[in-house]
file target-v8.txt (compact mmCIF, C-alpha atoms)
# COMPACT_ATOMS: atom_id res chain seq x y z
CA MET A 1 14.64 1.90 14.98
CA PHE A 2 11.03 2.79 15.78
CA LYS A 3 10.08 6.42 16.31
CA ILE A 4 7.73 7.61 19.06
CA VAL A 5 5.42 9.98 17.17
CA ASN A 6 2.97 10.75 19.97
CA LYS A 7 2.96 10.53 23.74
CA LYS A 8 0.06 11.25 26.07
CA GLN A 9 -0.55 10.91 29.81
CA LEU A 10 -4.01 9.34 30.09
CA ASN A 11 -4.19 9.57 33.87
CA PRO A 12 -1.63 10.01 36.68
CA VAL A 13 -0.28 6.47 36.20
CA VAL A 14 -1.01 5.42 32.60
CA VAL A 15 0.88 6.49 29.48
CA SER A 16 -0.12 6.18 25.82
CA MET A 17 2.39 6.13 22.97
CA THR A 18 2.03 5.93 19.21
CA ILE A 19 4.96 4.18 17.53
CA GLU A 20 5.96 4.39 13.88
CA ALA A 21 6.10 0.70 12.91
CA PRO A 22 4.53 0.19 9.45
CA PHE A 23 5.24 -3.53 9.09
CA VAL A 24 3.75 -4.27 12.52
CA ALA A 25 0.75 -1.99 11.98
CA ARG A 26 0.01 -3.66 8.65
CA LYS A 27 -0.78 -7.00 10.29
CA ALA A 28 -1.81 -6.09 13.87
CA ARG A 29 -5.20 -7.13 15.25
CA ALA A 30 -7.00 -6.73 18.56
CA GLY A 31 -5.73 -9.19 21.16
CA GLN A 32 -2.20 -9.41 19.80
CA PHE A 33 0.95 -7.99 21.40
CA VAL A 34 4.44 -6.73 20.66
CA ILE A 35 7.74 -7.29 22.45
CA LEU A 36 10.07 -4.33 22.76
CA ARG A 37 13.35 -3.25 24.30
CA VAL A 38 14.17 0.35 25.19
CA GLU A 39 17.92 -0.39 25.15
CA GLU A 40 19.83 -2.68 22.81
CA ASP A 41 20.98 -4.88 25.70
CA GLY A 42 17.87 -4.30 27.79
CA GLU A 43 14.99 -6.43 29.03
CA ARG A 44 12.39 -7.70 26.57
CA ILE A 45 8.83 -6.85 27.65
CA PRO A 46 5.43 -7.64 26.07
CA LEU A 47 2.82 -4.91 25.59
CA THR A 48 -0.58 -5.54 24.08
CA VAL A 49 -1.65 -3.71 20.94
CA ALA A 50 -3.95 -0.85 21.97
CA GLY A 51 -4.62 0.52 18.49
CA TYR A 52 -3.25 0.73 14.97
CA ASP A 53 -3.47 2.87 11.84
CA ARG A 54 -2.52 0.90 8.77
CA GLU A 55 -2.46 3.97 6.50
CA LYS A 56 -0.13 5.94 8.77
CA GLY A 57 1.88 2.86 9.66
CA THR A 58 1.55 3.44 13.41
CA LEU A 59 0.69 1.31 16.39
CA ASP A 60 -0.51 2.38 19.86
CA ILE A 61 0.69 1.01 23.18
CA ILE A 62 -0.79 1.95 26.56
CA PHE A 63 1.03 0.99 29.73
CA GLN A 64 1.56 1.68 33.40
CA PRO A 65 5.16 2.03 34.64
CA VAL A 66 5.47 -0.82 37.14
CA GLY A 67 8.94 -2.21 36.39
CA ALA A 68 12.33 -0.92 35.35
CA THR A 69 11.71 -1.13 31.60
CA THR A 70 8.25 0.44 31.60
CA LYS A 71 9.64 3.22 33.81
CA LYS A 72 12.43 3.89 31.30
CA LEU A 73 9.92 3.75 28.44
CA SER A 74 7.70 6.27 30.21
CA MET A 75 10.62 8.71 30.36
CA MET A 76 11.06 8.64 26.58
CA ASN A 77 9.46 11.40 24.52
CA GLU A 78 8.13 12.18 21.06
CA GLY A 79 10.98 11.98 18.56
CA ASP A 80 12.89 9.35 20.56
CA TYR A 81 13.48 5.91 19.06
CA ILE A 82 12.84 2.42 20.42
CA PRO A 83 15.56 0.05 19.14
CA ASP A 84 13.51 -3.18 19.13
CA PHE A 85 9.78 -3.47 18.45
CA VAL A 86 8.69 -6.93 17.30
CA GLY A 87 5.20 -8.08 16.36
CA PRO A 88 2.41 -8.66 16.01
CA LEU A 89 2.70 -11.76 18.22
CA GLY A 90 0.08 -14.09 19.62
CA ASN A 91 -3.36 -14.78 18.20
CA PRO A 92 -6.00 -12.11 17.58
CA THR A 93 -9.26 -12.12 19.53
CA VAL A 94 -11.86 -14.30 17.80
CA PHE A 95 -15.51 -13.24 17.56
CA GLU A 96 -18.50 -14.16 15.41
CA LYS A 97 -20.84 -11.87 13.53
CA GLY A 98 -24.41 -12.04 14.73
CA LYS A 99 -23.51 -12.65 18.36
CA ARG A 100 -23.96 -10.24 21.26
CA TYR A 101 -20.93 -9.55 23.42
CA ALA A 102 -20.05 -7.95 26.72
CA VAL A 103 -16.45 -6.77 27.03
CA VAL A 104 -15.32 -6.30 30.64
CA GLY A 105 -12.14 -4.35 31.30
CA GLY A 106 -10.30 -3.32 34.41
CA GLY A 107 -7.65 -0.62 34.96
CA VAL A 108 -4.99 -0.41 32.28
CA GLY A 109 -6.56 -3.54 30.75
CA CYS A 110 -9.26 -1.20 29.43
CA ALA A 111 -6.77 -0.13 26.76
CA ILE A 112 -6.94 -3.61 25.26
CA SER A 113 -10.65 -3.87 25.98
CA TYR A 114 -11.14 -0.76 23.86
CA ILE A 115 -9.57 -2.11 20.68
CA VAL A 116 -11.37 -5.46 21.14
CA THR A 117 -14.69 -3.64 21.59
CA LYS A 118 -13.94 -1.47 18.55
CA GLU A 119 -13.23 -4.41 16.24
CA ILE A 120 -16.35 -6.27 17.39
CA PHE A 121 -18.56 -3.18 16.98
CA GLU A 122 -17.16 -2.31 13.56
CA ALA A 123 -17.88 -5.88 12.43
CA GLY A 124 -21.57 -5.17 13.05
CA CYS A 125 -22.01 -7.06 16.32
CA GLU A 126 -23.89 -5.78 19.35
CA VAL A 127 -21.43 -5.14 22.17
CA ASP A 128 -21.73 -3.66 25.65
CA ALA A 129 -18.61 -2.46 27.46
CA ILE A 130 -18.15 -2.54 31.24
CA ILE A 131 -14.98 -0.81 32.41
CA GLY A 132 -13.78 -0.53 35.99
CA PHE A 133 -11.30 1.61 37.89
CA ARG A 134 -10.38 2.19 41.52
CA ASN A 135 -11.59 5.81 41.42
CA LYS A 136 -12.62 8.68 39.12
CA ASP A 137 -9.06 9.98 38.65
CA LEU A 138 -7.98 6.71 37.02
CA VAL A 139 -10.71 6.52 34.37
CA ILE A 140 -9.31 6.29 30.81
CA LEU A 141 -10.75 6.17 27.28
CA GLU A 142 -14.35 6.86 28.32
CA GLU A 143 -15.18 8.99 25.28
CA GLU A 144 -13.45 6.54 22.95
CA PHE A 145 -15.51 3.64 24.31
CA LYS A 146 -18.78 5.55 23.85
CA SER A 147 -18.25 5.65 20.08
CA VAL A 148 -17.59 1.92 19.64
CA CYS A 149 -20.23 0.11 21.70
CA ASN A 150 -23.99 -0.08 22.14
CA ASN A 151 -23.90 0.58 25.88
CA LEU A 152 -21.08 1.72 28.15
CA TYR A 153 -21.01 1.15 31.91
CA VAL A 154 -18.22 2.88 33.85
CA CYS A 155 -17.63 1.53 37.36
CA THR A 156 -15.46 2.77 40.22
CA ASP A 157 -14.61 0.70 43.28
CA ASP A 158 -15.08 3.68 45.61
CA GLY A 159 -18.23 4.98 43.91
CA SER A 160 -16.63 8.32 43.01
CA TYR A 161 -17.82 8.09 39.40
CA GLY A 162 -20.27 6.08 37.33
CA ARG A 163 -21.71 2.94 38.84
CA PRO A 164 -20.41 2.10 42.34
CA GLY A 165 -18.62 -1.18 42.91
CA VAL A 166 -16.55 -3.67 40.97
CA VAL A 167 -17.28 -4.69 37.38
CA THR A 168 -18.69 -8.08 38.35
CA LYS A 169 -21.47 -6.34 40.28
CA THR A 170 -22.62 -4.47 37.17
CA LEU A 171 -22.16 -7.53 34.95
CA GLU A 172 -24.34 -9.68 37.18
CA GLU A 173 -26.97 -6.94 37.53
CA LEU A 174 -27.23 -6.75 33.74
CA ILE A 175 -27.51 -10.52 33.36
CA VAL A 176 -30.15 -10.78 36.10
CA SER A 177 -32.12 -7.91 34.56
CA GLY A 178 -32.51 -9.92 31.37
CA GLU A 179 -29.59 -8.87 29.18
CA LYS A 180 -28.61 -11.83 26.98
CA TYR A 181 -24.93 -12.17 26.09
CA ASP A 182 -23.64 -14.90 23.80
CA GLU A 183 -20.11 -14.38 25.12
CA VAL A 184 -18.18 -12.28 27.62
CA ILE A 185 -14.62 -11.16 26.93
CA THR A 186 -12.64 -9.89 29.91
CA ILE A 187 -9.25 -8.19 30.10
CA GLY A 188 -7.55 -6.80 33.19
CA PRO A 189 -6.01 -7.83 36.50
CA MET A 190 -5.87 -11.58 37.02
CA ILE A 191 -8.08 -11.47 40.12
CA MET A 192 -10.73 -9.46 38.27
CA MET A 193 -10.80 -11.93 35.37
CA LYS A 194 -11.10 -14.82 37.81
CA PHE A 195 -14.22 -13.34 39.41
CA VAL A 196 -15.73 -12.39 36.06
CA CYS A 197 -15.40 -16.06 35.10
CA LEU A 198 -16.93 -17.22 38.37
CA THR A 199 -19.87 -14.89 37.68
CA THR A 200 -20.46 -15.99 34.09
CA LYS A 201 -20.09 -19.66 34.95
CA LYS A 202 -23.19 -19.41 37.13
CA TYR A 203 -25.18 -18.36 34.07
CA ASP A 204 -23.42 -20.67 31.59
CA ILE A 205 -22.06 -17.81 29.47
CA PRO A 206 -18.90 -18.62 27.47
CA THR A 207 -16.07 -16.35 28.61
CA THR A 208 -12.75 -15.48 27.01
CA VAL A 209 -9.86 -14.07 29.03
CA SER A 210 -6.67 -12.36 27.85
CA MET A 211 -3.75 -13.69 29.89
CA ASN A 212 -0.67 -11.57 30.52
CA PRO A 213 1.92 -13.63 32.43
CA ILE A 214 5.67 -12.99 32.35
CA MET A 215 7.04 -13.39 28.81
CA ILE A 216 10.61 -13.28 27.51
CA ASP A 217 11.01 -14.45 23.93
CA GLY A 218 7.39 -14.52 22.77
CA THR A 219 7.90 -17.70 20.72
CA GLY A 220 7.08 -20.40 23.31
CA MET A 221 10.71 -21.43 23.83
CA CYS A 222 11.42 -19.97 27.29
CA GLY A 223 8.34 -21.40 29.00
CA GLY A 224 7.97 -18.37 31.27
CA CYS A 225 4.39 -17.73 30.22
CA ARG A 226 3.08 -21.25 30.76
CA LEU A 227 -0.42 -21.70 32.13
CA THR A 228 -2.67 -24.59 33.00
CA VAL A 229 -5.82 -24.53 30.88
CA GLY A 230 -8.25 -27.41 31.10
CA GLY A 231 -5.61 -29.48 32.86
CA GLU A 232 -3.09 -28.97 30.04
CA THR A 233 0.01 -26.79 29.86
CA LYS A 234 -0.37 -23.89 27.44
CA PHE A 235 1.90 -20.98 26.53
CA ALA A 236 0.26 -17.56 26.51
CA CYS A 237 2.56 -16.20 23.81
CA VAL A 238 1.80 -18.79 21.12
CA ASP A 239 -1.39 -20.55 22.28
CA GLY A 240 -3.00 -17.33 23.45
CA PRO A 241 -3.11 -14.77 24.87
CA ASP A 242 -6.87 -15.52 24.73
CA PHE A 243 -8.19 -18.63 26.48
CA ASP A 244 -11.44 -20.15 27.69
CA GLY A 245 -11.69 -18.45 31.08
CA HIS A 246 -13.69 -21.29 32.62
CA LYS A 247 -10.73 -23.64 32.04
CA VAL A 248 -7.87 -21.41 33.28
CA ASP A 249 -6.23 -22.25 36.62
CA PHE A 250 -6.16 -18.66 37.88
CA ASP A 251 -4.79 -19.52 41.33
CA GLU A 252 -1.71 -21.14 39.80
CA ALA A 253 -1.26 -18.24 37.36
CA MET A 254 -1.45 -15.69 40.18
CA ARG A 255 1.07 -17.63 42.29
CA ARG A 256 3.50 -17.74 39.39
CA GLY A 257 3.05 -14.02 38.68
CA GLY A 258 3.64 -13.12 42.32
CA VAL A 259 7.08 -14.76 42.32
CA TYR A 260 8.58 -11.79 40.45
CA LYS A 261 6.88 -8.92 42.29
CA GLU A 262 9.70 -8.22 44.76
CA PHE A 263 12.30 -8.34 41.98
CA GLU A 264 10.22 -5.96 39.84
CA LYS A 265 9.86 -3.57 42.76
CA HIS A 266 13.64 -3.38 43.31
CA ALA A 267 14.32 -3.04 39.56
CA TYR A 268 11.76 -0.23 39.35
CA GLU A 269 13.34 1.62 42.29
CA GLU A 270 16.82 1.24 40.80
CA ALA A 271 15.59 2.58 37.46
CA CYS A 272 13.97 5.56 39.18
CA ASN A 273 17.16 6.35 41.08
CA LEU A 274 19.25 6.07 37.92
CA LEU A 275 16.90 8.28 35.89
CA ASN A 276 16.68 10.86 38.65
CA LYS A 277 20.49 10.96 38.84
CA GLU A 278 20.75 11.45 35.08
CA VAL A 279 18.22 14.29 35.20
CA ALA A 280 20.10 15.96 38.07
CA GLU A 281 23.38 15.79 36.18

call {"tool": "encode", "arguments": {"input": "target-v8.txt", "output": "structure tokens"}}
result
Amino acid sequence: MFKIVNKKQLNPVVVSMTIEAPFVARKARAGQFVILRVEEDGERIPLTVAGYDREKGTLDIIFQPVGATTKKLSMMNEGDYIPDFVGPLGNPTVFEKGKRYAVVGGGVGCAISYIVTKEIFEAGCEVDAIIGFRNKDLVILEEEFKSVCNNLYVCTDDGSYGRPGVVTKTLEELIVSGEKYDEVITIGPMIMMKFVCLTTKKYDIPTTVSMNPIMIDGTGMCGGCRLTVGGETKFACVDGPDFDGHKVDFDEAMRRGGVYKEFEKHAYEEACNLLNKEVAE
């Protein structure tokens, strides 16, 4: 059993939790993920590592309730226990000392962008962070980012805060202005990562993406997380989740991800109705 030792609402739709999991925290690195269940016979879901404290034996997860399981998880509180919490899984993000990086995050993906930026910065590399949100109310981790990067650029689609427009607009403006990046790492919605890659490809900048397709077992056996990368089939859980963004077939990945949206919507609504009924009783 894994105890929830801290819970925080980062914005109206994003929740942060710190979980007591010493064996996972001991080995966790930026870019890796865990698979958890909130009920012993419940659904297995992957959540990317958003932070860790090896001394305290804790690991952070940051998520947005979009399905039945994340909704149930969001209703849990400090002192509650998660029955299954397995990890770290996948491969950590790879970076090289002496290189200059730009980390581009979008929405709740900024939680993972933060820990990636932090590890790169603490290794002595130069790193700029570009983080994007739909509006000012959804901005998360701004102060945390400021302490772990050389330059931070906050963007909002509606222009209500920071730099107006999507992250690719700021990224291209920086490149055109003369900023030299050895590599771009991008984490967020699939469509955002696709357009980041289209932008960097024009300037021949190597780009790494963190893929988050549907996963079940996290060991490569179920095949649910398969992707086409460079014309070959890869599995995000064991081959990734990081891949060369210029080789990923994003259109195929987005089609596959969209297959489950209607099911997730119904499951989420059923979970909400069930939880509301339990609260009323």

call {"tool": "residues_near_point", "arguments": {"input": "target-v8.txt", "point": "(-14.5, 2.1, 44.1)", "cutoff": "6 Å", "atoms": "all atoms listed in the file", "output": "PyMOL selection string"}}
result
chain A and resi 134-135+156-159+165

call {"tool": "atom_distance", "arguments": {"input": "target-v8.txt", "atom1": "CA of Asp128 in chain A", "atom2": "CA of Gly109 in chain A"}}
result
16.0 Å

call {"tool": "closest_residue", "arguments": {"input": "target-v8.txt", "among": "A:Thr233, A:Thr208, A:Asn77, A:Gln9", "to": "Tyr101 in chain A", "atoms": "all atoms listed in the file"}}
result
A:Thr208

call {"tool": "atom_distance", "arguments": {"input": "target-v8.txt", "atom1": "CA of Ala28 in chain A", "atom2": "CA of Phe145 in chain A"}}
result
19.8 Å

call {"tool": "closest_residue", "arguments": {"input": "target-v8.txt", "among": "A:Val66, A:Val94, A:Val166, A:Ile115", "to": "Pro241 in chain A", "atoms": "all atoms listed in the file"}}
result
A:Val94

call {"tool": "closest_residue", "arguments": {"input": "target-v8.txt", "among": "A:Glu96, A:Val14, A:Tyr52, A:Ala111", "to": "Lys71 in chain A", "atoms": "only C-alpha atoms"}}
result
A:Val14

call {"tool": "closest_residue", "arguments": {"input": "target-v8.txt", "among": "A:Tyr114, A:Phe243, A:Tyr161, A:Phe121", "to": "Leu141 in chain A", "atoms": "all atoms listed in the file"}}
result
A:Tyr114

call {"tool": "atom_distance", "arguments": {"input": "target-v8.txt", "atom1": "CA of Val108 in chain A", "atom2": "CA of Lys56 in chain A"}}
result
24.8 Å
